[in-house]
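Structure record follows, encoded as structure tokens.
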Amino acid sequence: MDKLNFEFTANQSDNTVVVNRAFKGSVLQLWRAWTEAEYLDCWWAPHPFVNKTKNLDLKEGGNWFYSMSGPEGQEFWGKAVFKKIVDQHEIQWEDAFCDETGTPVEGFAKSLWTIRFSQKEDVAYLAITIAHEKWEDVEANINMGFKEGFCTALDNLEKLILTI
């Protein structure tokens, strides 16, 4: 499937990564893919990793606690704490790498994700801004392969939303 619209930009002026992507489908399909564990687990981890949600409490102050398991036994934990939720319009969360108990891992910076959803005719749009405290944190994430991994996950999402 051809990508309708895609942009990935790292901005040193404000320490952000901006990702814009268009999908054939509806905002409701995208919203469900971002807010329901059964769907998040289908697309969030880039192949060959597998995502498993341990907890998803979709409310302001709630969190999404998950692991990504690799084919060689690697396990990475993440926790997103919801700061703002506007049904089918916006989600904002603070994201951090953590251990299996949910405790943030030293040496990895937190980031603030703002995910906005919009619709025009039969195309749904995601506008994602990932804010970091300093540019070095943006560089560290990109050097770890964030761009490649997240782009792969968004490709997974594109396939999934047509089934929701």
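By convention in this document, the chains of the structure tokens carry letters A, B, ... by their order, each chain's residues are numbered from 1, and ligands are numbered from 1 in the order they are shown.
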Practice task
Do a neighbour search on range 28-38 of chain A at 10 Å with only C-alpha atoms, toss out local chain neighbours closer than 6 positions, and write the hits as a count of residues only.
Solution key: 31
Problem - Who sits within 9 Å of range 148-156 of chain A, only C-alpha atoms, same chain under 4 positions skipped, as a VMD selection string - result: chain A and resid 3 8 21 42 to 47 142 160 to 161
Practice task
Taking the DSSP assignment computed from this structure's backbone, write out as JSON, numbers by chain all residues of range 16-100 of chain A that belong to helix (DSSP H, G or I).
Solution key: {"A": [27, 28, 29, 30, 31, 32, 33, 34, 35, 37, 38, 39, 40, 41, 42, 43]}
Problem - Residues within 8 Å of Gly102 in chain A, only C-alpha atoms, excluding chain neighbours under 2 positions, as a PyMOL selection string - result: chain A and resi 65+77-79+98-100+104
Exercise for the section: Quote the spacing between CA of Ala96 in chain A and CA of Phe108 in chain A in Å to one decimal place. Expected result: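 Interatomic distance here is 7.3 Å.
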Practice task
Using DSSP on the backbone coordinates, identify all residues within range 23-155 of chain A classified as strand (DSSP E or B); present the result as a ChimeraX atom specification.
Solution key: /A:23-24,50-56,63-69,75-86,90-98,104,111-120,123-131
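Straight-line separation from CA of Val138 in chain A to CA of Trp113 in chain A: 12.7 Å.
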Handout entry: From A:Thr9, A:Asn15, A:Ser67, A:Asn141, residue lying nearest Gly107 in chain A [only C-alpha atoms]
Key =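 Closest to Gly107 in chain A of all the choices is A:Asn141.
Of note, CA of Thr114 in chain A and CA of Met144 in chain A are spaced 21.0 Å apart.
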Handout entry: Residue neighbourhood Val18 in chain A, 9 Å, only C-alpha atoms, exclusion window fewer than 5 positions, as a list in words
Key =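 Listed by chain and then number, they are Glu7, Phe8, Thr9, Ala10, Asn11, Ala127, Ile128, Thr129, Ile130 and Ala131 of chain A.
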Export, as a tab-separated table (two decimals), in the first residue's frame, the selected residues with N, CA, C and O atoms.
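Output below, filename again-v9.tsv:
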chain	number	residue	atom	x	y	z
A	7	GLU	N	5.76	12.28	6.91
A	7	GLU	CA	6.82	13.22	7.23
A	7	GLU	C	7.42	12.84	8.57
A	7	GLU	O	6.71	12.53	9.53
A	8	PHE	N	8.75	12.83	8.66
A	8	PHE	CA	9.48	12.58	9.90
A	8	PHE	C	10.57	13.65	9.96
A	8	PHE	O	11.46	13.67	9.12
A	9	THR	N	10.48	14.54	10.95
A	9	THR	CA	11.43	15.65	11.06
A	9	THR	C	11.91	15.78	12.49
A	9	THR	O	11.11	15.77	13.43
A	10	ALA	N	13.22	15.89	12.64
A	10	ALA	CA	13.81	16.19	13.94
A	10	ALA	C	14.18	17.66	13.94
A	10	ALA	O	14.85	18.14	13.02
A	11	ASN	N	13.71	18.40	14.96
A	11	ASN	CA	13.89	19.85	15.03
A	11	ASN	C	14.77	20.23	16.21
A	11	ASN	O	14.34	20.14	17.36
A	127	ALA	N	-0.90	13.50	13.57
A	127	ALA	CA	0.13	14.53	13.73
A	127	ALA	C	0.75	14.30	15.11
A	127	ALA	O	0.09	14.50	16.12
A	128	ILE	N	1.99	13.84	15.12
A	128	ILE	CA	2.64	13.44	16.36
A	128	ILE	C	3.83	14.36	16.61
A	128	ILE	O	4.66	14.57	15.73
A	129	THR	N	3.89	14.90	17.82
A	129	THR	CA	5.04	15.68	18.25
A	129	THR	C	5.61	15.01	19.49
A	129	THR	O	4.87	14.75	20.45
A	130	ILE	N	6.90	14.72	19.45
A	130	ILE	CA	7.58	14.08	20.57
A	130	ILE	C	8.61	15.08	21.09
A	130	ILE	O	9.60	15.37	20.40
A	131	ALA	N	8.35	15.64	22.26
A	131	ALA	CA	9.20	16.69	22.82
A	131	ALA	C	10.18	16.09	23.84
A	131	ALA	O	9.79	15.27	24.68
Problem - Shell of 9 Å around Trp93 in chain A, only C-alpha atoms, local chain residues under 5 positions omitted, as a list in words - result: Glu60, Asn63, Ala80, Val81, Phe82, Lys83, Lys84, Ile85, Ser111, Leu112, Trp113, Thr114 and Ile115 of chain A
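The nearest approach to Thr16 in chain A among the residues A:Gly61, A:Glu136, A:Gln92, A:Pro48, with only C-alpha atoms taken into account, belongs to A:Glu136.
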